[in-house]
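Below is protein_39.pdb, which holds PDB, C-alpha atoms, pLDDT in the B column.
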```pdb
ATOM      1  CA  MET A 107      15.587   8.512 -15.864  1.00 82.00           C
ATOM      2  CA  ALA A 108      13.181   6.014 -17.391  1.00 88.00           C
ATOM      3  CA  ARG A 109      11.841   3.504 -14.908  1.00 94.00           C
ATOM      4  CA  LEU A 110      10.204   0.125 -15.266  1.00 95.00           C
ATOM      5  CA  ALA A 111       6.555  -0.218 -16.213  1.00 95.00           C
ATOM      6  CA  TRP A 112       5.795  -2.377 -13.172  1.00 96.00           C
ATOM      7  CA  TYR A 113       2.479  -3.646 -14.564  1.00 95.00           C
ATOM      8  CA  GLU A 114       4.267  -4.973 -17.689  1.00 96.00           C
ATOM      9  CA  VAL A 115       7.155  -6.552 -15.809  1.00 97.00           C
ATOM     10  CA  ALA A 116       4.852  -8.299 -13.315  1.00 97.00           C
ATOM     11  CA  PRO A 117       1.480  -8.684 -15.067  1.00 97.00           C
ATOM     12  CA  ASP A 118       0.199 -11.282 -12.605  1.00 98.00           C
ATOM     13  CA  GLY A 119       0.956  -8.966  -9.695  1.00 97.00           C
ATOM     14  CA  ALA A 120      -0.754  -6.101 -11.523  1.00 97.00           C
ATOM     15  CA  LYS A 121      -3.773  -8.306 -12.219  1.00 98.00           C
ATOM     16  CA  ALA A 122      -4.022  -9.209  -8.534  1.00 97.00           C
ATOM     17  CA  LEU A 123      -3.760  -5.606  -7.406  1.00 97.00           C
ATOM     18  CA  PHE A 124      -6.266  -4.424 -10.008  1.00 97.00           C
ATOM     19  CA  GLY A 125      -8.562  -7.204  -8.774  1.00 98.00           C
ATOM     20  CA  VAL A 126      -8.631  -5.556  -5.355  1.00 98.00           C
ATOM     21  CA  HIS A 127      -9.252  -2.183  -7.024  1.00 97.00           C
ATOM     22  CA  HIS A 128     -12.144  -3.714  -8.990  1.00 97.00           C
ATOM     23  CA  TYR A 129     -13.614  -5.177  -5.803  1.00 98.00           C
ATOM     24  CA  VAL A 130     -13.469  -1.819  -4.025  1.00 97.00           C
ATOM     25  CA  THR A 131     -14.926   0.193  -6.897  1.00 96.00           C
ATOM     26  CA  LYS A 132     -17.545  -2.289  -8.135  1.00 97.00           C
ATOM     27  CA  SER A 133     -18.493  -4.677  -5.331  1.00 97.00           C
ATOM     28  CA  THR A 134     -18.907  -2.550  -2.225  1.00 98.00           C
ATOM     29  CA  ASN A 135     -21.602  -0.217  -0.935  1.00 98.00           C
ATOM     30  CA  LEU A 136     -19.140   2.673  -0.777  1.00 98.00           C
ATOM     31  CA  PRO A 137     -20.109   5.582  -3.050  1.00 97.00           C
ATOM     32  CA  GLU A 138     -17.742   6.017  -5.997  1.00 96.00           C
ATOM     33  CA  GLU A 139     -17.076   9.656  -5.135  1.00 98.00           C
ATOM     34  CA  LEU A 140     -16.130   8.704  -1.562  1.00 98.00           C
ATOM     35  CA  ILE A 141     -13.720   6.056  -2.862  1.00 98.00           C
ATOM     36  CA  HIS A 142     -11.989   8.545  -5.151  1.00 98.00           C
ATOM     37  CA  LEU A 143     -11.872  11.103  -2.347  1.00 98.00           C
ATOM     38  CA  VAL A 144     -10.065   8.602  -0.140  1.00 98.00           C
ATOM     39  CA  PHE A 145      -7.825   7.544  -3.037  1.00 98.00           C
ATOM     40  CA  LEU A 146      -6.861  11.177  -3.581  1.00 98.00           C
ATOM     41  CA  ARG A 147      -6.099  11.873   0.080  1.00 98.00           C
ATOM     42  CA  VAL A 148      -4.003   8.729   0.478  1.00 98.00           C
ATOM     43  CA  SER A 149      -2.092   9.597  -2.694  1.00 98.00           C
ATOM     44  CA  GLN A 150      -1.461  13.136  -1.445  1.00 98.00           C
ATOM     45  CA  ILE A 151      -0.001  11.788   1.793  1.00 98.00           C
ATOM     46  CA  ASN A 152       2.204   9.340  -0.129  1.00 98.00           C
ATOM     47  CA  GLY A 153       3.248  11.838  -2.792  1.00 97.00           C
ATOM     48  CA  CYS A 154       2.225   9.787  -5.823  1.00 97.00           C
ATOM     49  CA  ALA A 155       1.895  12.296  -8.677  1.00 97.00           C
ATOM     50  CA  HIS A 156       0.210   9.845 -11.054  1.00 96.00           C
ATOM     51  CA  CYS A 157      -2.503   8.896  -8.553  1.00 97.00           C
ATOM     52  CA  ILE A 158      -3.047  12.495  -7.414  1.00 98.00           C
ATOM     53  CA  ASP A 159      -3.516  13.528 -11.035  1.00 97.00           C
ATOM     54  CA  LEU A 160      -5.797  10.583 -11.830  1.00 97.00           C
ATOM     55  CA  HIS A 161      -8.084  10.816  -8.800  1.00 97.00           C
ATOM     56  CA  SER A 162      -8.356  14.586  -8.789  1.00 97.00           C
ATOM     57  CA  ARG A 163      -9.516  14.291 -12.414  1.00 97.00           C
ATOM     58  CA  ASP A 164     -12.029  11.608 -11.400  1.00 96.00           C
ATOM     59  CA  LEU A 165     -13.369  13.800  -8.607  1.00 98.00           C
ATOM     60  CA  ARG A 166     -13.658  16.915 -10.760  1.00 97.00           C
ATOM     61  CA  LYS A 167     -16.314  15.081 -12.796  1.00 97.00           C
ATOM     62  CA  THR A 168     -18.708  15.199  -9.817  1.00 97.00           C
ATOM     63  CA  MET A 169     -17.152  17.584  -7.288  1.00 98.00           C
ATOM     64  CA  SER A 170     -16.405  21.296  -7.377  1.00 97.00           C
ATOM     65  CA  ILE A 171     -12.831  22.342  -8.085  1.00 97.00           C
ATOM     66  CA  ASP A 172     -12.853  24.268  -4.798  1.00 97.00           C
ATOM     67  CA  LYS A 173     -13.627  21.136  -2.814  1.00 98.00           C
ATOM     68  CA  VAL A 174     -11.051  19.025  -4.676  1.00 98.00           C
ATOM     69  CA  THR A 175      -8.417  21.714  -4.141  1.00 98.00           C
ATOM     70  CA  LEU A 176      -9.067  21.794  -0.399  1.00 98.00           C
ATOM     71  CA  VAL A 177      -8.872  18.040   0.229  1.00 98.00           C
ATOM     72  CA  PRO A 178      -5.406  18.331   1.857  1.00 98.00           C
ATOM     73  CA  VAL A 179      -6.872  20.725   4.461  1.00 98.00           C
ATOM     74  CA  TRP A 180     -10.320  19.145   4.801  1.00 98.00           C
ATOM     75  CA  GLU A 181     -10.298  19.564   8.582  1.00 98.00           C
ATOM     76  CA  GLU A 182     -10.065  23.348   8.183  1.00 98.00           C
ATOM     77  CA  VAL A 183     -13.137  23.519   5.929  1.00 98.00           C
ATOM     78  CA  PRO A 184     -15.618  21.098   7.513  1.00 97.00           C
ATOM     79  CA  HIS A 185     -18.568  22.828   5.850  1.00 98.00           C
ATOM     80  CA  LEU A 186     -17.376  21.495   2.470  1.00 98.00           C
ATOM     81  CA  PHE A 187     -17.298  17.834   3.520  1.00 98.00           C
ATOM     82  CA  SER A 188     -20.112  15.644   4.823  1.00 97.00           C
ATOM     83  CA  ASP A 189     -19.829  13.774   8.107  1.00 97.00           C
ATOM     84  CA  THR A 190     -19.234  10.556   6.178  1.00 97.00           C
ATOM     85  CA  GLU A 191     -16.543  12.145   4.026  1.00 98.00           C
ATOM     86  CA  ARG A 192     -14.779  13.572   7.076  1.00 97.00           C
ATOM     87  CA  ALA A 193     -14.904  10.201   8.813  1.00 97.00           C
ATOM     88  CA  ALA A 194     -13.490   8.462   5.723  1.00 98.00           C
ATOM     89  CA  LEU A 195     -10.726  11.048   5.305  1.00 98.00           C
ATOM     90  CA  ALA A 196      -9.751  10.814   8.975  1.00 98.00           C
ATOM     91  CA  TRP A 197      -9.615   7.016   8.800  1.00 98.00           C
ATOM     92  CA  ALA A 198      -7.646   7.177   5.533  1.00 98.00           C
ATOM     93  CA  GLU A 199      -5.038   9.388   7.185  1.00 98.00           C
ATOM     94  CA  GLU A 200      -4.908   7.183  10.276  1.00 98.00           C
ATOM     95  CA  VAL A 201      -4.425   3.971   8.297  1.00 98.00           C
ATOM     96  CA  THR A 202      -1.988   5.476   5.780  1.00 98.00           C
ATOM     97  CA  ARG A 203       0.170   6.771   8.641  1.00 98.00           C
ATOM     98  CA  VAL A 204      -0.222   3.593  10.689  1.00 98.00           C
ATOM     99  CA  SER A 205       3.482   3.508  11.616  1.00 97.00           C
ATOM    100  CA  GLU A 206       2.906   6.812  13.437  1.00 97.00           C
ATOM    101  CA  THR A 207      -0.714   6.465  14.570  1.00 97.00           C
ATOM    102  CA  HIS A 208      -0.866   2.750  15.340  1.00 97.00           C
ATOM    103  CA  ALA A 209      -4.548   2.980  14.298  1.00 96.00           C
ATOM    104  CA  SER A 210      -5.528   4.415  17.656  1.00 95.00           C
ATOM    105  CA  ASP A 211      -8.578   3.269  19.592  1.00 96.00           C
ATOM    106  CA  ALA A 212     -10.032   6.775  19.323  1.00 95.00           C
ATOM    107  CA  ALA A 213      -9.685   6.802  15.530  1.00 95.00           C
ATOM    108  CA  TYR A 214     -11.129   3.297  15.273  1.00 97.00           C
ATOM    109  CA  ALA A 215     -14.075   4.260  17.465  1.00 97.00           C
ATOM    110  CA  ALA A 216     -14.772   7.311  15.309  1.00 96.00           C
ATOM    111  CA  ALA A 217     -14.561   5.331  12.068  1.00 97.00           C
ATOM    112  CA  SER A 218     -16.652   2.459  13.364  1.00 98.00           C
ATOM    113  CA  SER A 219     -19.361   4.853  14.525  1.00 98.00           C
ATOM    114  CA  ALA A 220     -19.546   6.385  11.030  1.00 97.00           C
ATOM    115  CA  PHE A 221     -19.564   3.157   9.009  1.00 98.00           C
ATOM    116  CA  GLU A 222     -21.322  -0.193   9.202  1.00 98.00           C
ATOM    117  CA  PRO A 223     -18.857  -3.025   9.883  1.00 98.00           C
ATOM    118  CA  LYS A 224     -18.692  -4.270   6.263  1.00 98.00           C
ATOM    119  CA  ASP A 225     -18.334  -0.722   4.943  1.00 98.00           C
ATOM    120  CA  LEU A 226     -15.508  -0.017   7.387  1.00 98.00           C
ATOM    121  CA  VAL A 227     -13.652  -3.128   6.275  1.00 98.00           C
ATOM    122  CA  ASP A 228     -14.228  -2.226   2.615  1.00 98.00           C
ATOM    123  CA  LEU A 229     -13.051   1.332   3.265  1.00 98.00           C
ATOM    124  CA  THR A 230      -9.914  -0.021   4.912  1.00 98.00           C
ATOM    125  CA  ILE A 231      -9.316  -2.346   1.960  1.00 98.00           C
ATOM    126  CA  ALA A 232      -9.662   0.677  -0.351  1.00 98.00           C
ATOM    127  CA  ILE A 233      -7.110   2.587   1.734  1.00 98.00           C
ATOM    128  CA  ALA A 234      -4.724  -0.374   1.742  1.00 98.00           C
ATOM    129  CA  ALA A 235      -5.098  -0.840  -2.024  1.00 98.00           C
ATOM    130  CA  MET A 236      -4.337   2.812  -2.736  1.00 98.00           C
ATOM    131  CA  ASN A 237      -1.304   2.677  -0.466  1.00 98.00           C
ATOM    132  CA  ALA A 238      -0.105  -0.325  -2.502  1.00 98.00           C
ATOM    133  CA  PHE A 239      -0.701   1.479  -5.803  1.00 97.00           C
ATOM    134  CA  ASN A 240       1.152   4.552  -4.483  1.00 98.00           C
ATOM    135  CA  ARG A 241       4.091   2.392  -3.497  1.00 97.00           C
ATOM    136  CA  LEU A 242       4.343   1.284  -7.116  1.00 97.00           C
ATOM    137  CA  GLY A 243       3.331   4.507  -8.863  1.00 95.00           C
ATOM    138  CA  ALA A 244       5.728   6.819  -7.060  1.00 96.00           C
ATOM    139  CA  PRO A 245       8.917   4.692  -7.211  1.00 96.00           C
ATOM    140  CA  PHE A 246       8.339   3.732 -10.850  1.00 96.00           C
ATOM    141  CA  ARG A 247       7.313   7.328 -11.728  1.00 95.00           C
ATOM    142  CA  LEU A 248       4.095   6.565 -13.554  1.00 93.00           C
ATOM    143  CA  PRO A 249       3.300   9.457 -15.907  1.00 91.00           C
ATOM    144  CA  VAL A 250       0.682  12.133 -15.309  1.00 94.00           C
ATOM    145  CA  ALA A 251      -1.871  13.436 -17.800  1.00 93.00           C
ATOM    146  CA  ALA A 252      -1.396  17.031 -16.613  1.00 91.00           C
ATOM    147  CA  LYS A 253       0.007  19.488 -19.131  1.00 90.00           C
ATOM    148  CA  ALA A 254       1.756  22.810 -18.489  1.00 87.00           C
TER     149      ALA A 254
END
```

Show how you would write the structure in this file as structure tokens.
Amino acid sequence: MARLAWYEVAPDGAKALFGVHHYVTKSTNLPEELIHLVFLRVSQINGCAHCIDLHSRDLRKTMSIDKVTLVPVWEEVPHLFSDTERAALAWAEEVTRVSETHASDAAYAAASSAFEPKDLVDLTIAIAAMNAFNRLGAPFRLPVAAKA
């Protein structure tokens, strides 16, 4: 079933959301690869095919295919991910699943010990933005670039 192109139906809403994306990717101290890593993990949790396809492609430009493939099980392969990456992935999971985790004090303490205050806020904005994009991409079935 064809679904609405949300960004065409509500261009002002799309512009606002893409403004947050632009802020996260262009106006923070967070490394681009770390941002895409978090975007990918959040999208995997939310099951957004378009965003999984997009961000795995972005990561494969700078990251090995083995590492990209193992993002869903990053905790089982800690030698592949830096301390900062593991902290960002853990916080991304905690915030994305906030209805279950309630952003626990332990998770907050771990994240805040890994990131400077501004970077932690920016990371959380990045996580929130990707959750918003996933909640548009998945229901409106944005297409993927992947081919059989």

Could you tell me which residues the PyMOL selection byres ((chain A and resi 107-116) around 9) grabs in this file, written as a PyMOL selection string?
-> chain A and resi 117-121+242-243+245-248

Deliver the residues from the most recent selection as a file, using C-alpha atoms, as a compact mmCIF listing (two decimals), in the frame of the given file.
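part.txt, freshly written:
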```
# COMPACT_ATOMS: atom_id res chain seq x y z
CA PRO A 117 1.48 -8.68 -15.07
CA ASP A 118 0.20 -11.28 -12.60
CA GLY A 119 0.96 -8.97 -9.70
CA ALA A 120 -0.75 -6.10 -11.52
CA LYS A 121 -3.77 -8.31 -12.22
CA LEU A 242 4.34 1.28 -7.12
CA GLY A 243 3.33 4.51 -8.86
CA PRO A 245 8.92 4.69 -7.21
CA PHE A 246 8.34 3.73 -10.85
CA ARG A 247 7.31 7.33 -11.73
CA LEU A 248 4.10 6.56 -13.55
```

Go through A:Val204, A:Glu222, A:Val177, A:Ala238 and flag the residue nearest Val126 of chain A, using all atoms listed in the file for the distances.
->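 Closest candidate: A:Ala238.
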
Go through the shown structure with the PyMOL selection byres ((chain A and resi 130) around 9) and write out the matching residues as a list in words.
-> Gly125, Val126, His127, His128, Tyr129, Thr131, Lys132, Ser133, Thr134, Asn135, Leu136, Ile141, Asp228, Leu229, Ile231, Ala232 and Ala235 of chain A

Hey, what's within 8 Å of Ile151 of chain A if we count all atoms listed in the file and toss same-chain stuff fewer than 4 positions away? As a PyMOL selection string, please?
-> chain A and resi 147+199+202

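Point (-16.4, 9.4, 8.2) has the following residues at most 10 Å away: Leu140, Phe187, Ser188, Asp189, Thr190, Glu191, Arg192, Ala193, Ala194, Leu195, Ala196, Trp197, Ala198, Ala216, Ala217, Ser218, Ser219, Ala220, Phe221 and Leu226 of chain A (atoms considered: all atoms listed in the file).
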
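Between atom CA of Pro184 of chain A and atom CA of Asn240 of chain A lies a distance of 26.4 Å.
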
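You will find atom CA of Ala215 of chain A at 21.4 Å from atom CA of Pro137 of chain A.
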
Within 8 Å of (-1.3, 11.1, -13.4), all atoms listed in the file: residues as a list in words?
->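 Final list of nearby residues, as requested, is Ala155, His156, Cys157, Ile158, Asp159, Leu160, Leu248, Pro249, Val250, Ala251 and Ala252 of chain A.
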
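Considering the residues A:Ile233, A:Asp211, A:Ile171, A:Val201 and counting all atoms listed in the file, His142 of chain A has its shortest atom-to-atom contact with A:Ile233.
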
Between A:Ala254, A:Met236, A:Leu123, A:Ala213, smallest distance to Leu143 of chain A by only C-alpha atoms belongs to A:Met236

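Atom CA of Arg241 of chain A lies 15.2 Å from atom CA of Ser205 of chain A.
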
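Between Ser149 of chain A and the residues A:Lys253, A:His185, A:Ala244, A:Ser170, the shortest atom-to-atom distance, using all atoms listed in the file, involves A:Ala244.
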
Go ahead and fit an axis-aligned box to every listed atom of segment 225-237 of chain A plus 6 Å each side, and pass me the centre and edge lengths in Å, one decimal, as AutoDock Vina command-line options.
```
--center_x -9.8 --center_y -0.2 --center_z 2.3 --size_x 29.0 --size_y 17.9 --size_z 22.1
```

Rank nothing, just name the residue among A:Pro178, A:Arg203, A:Ala122, A:Val183 nearest to Asn237 of chain A, using all atoms listed in the file.
-> A:Arg203

Out of A:Phe124, A:Glu139, A:Lys224, A:Gln150, which residue has the shortest atom-to-atom distance to Val179 of chain A when counting only C-alpha atoms?
->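 Nearest to Val179 of chain A: A:Gln150.
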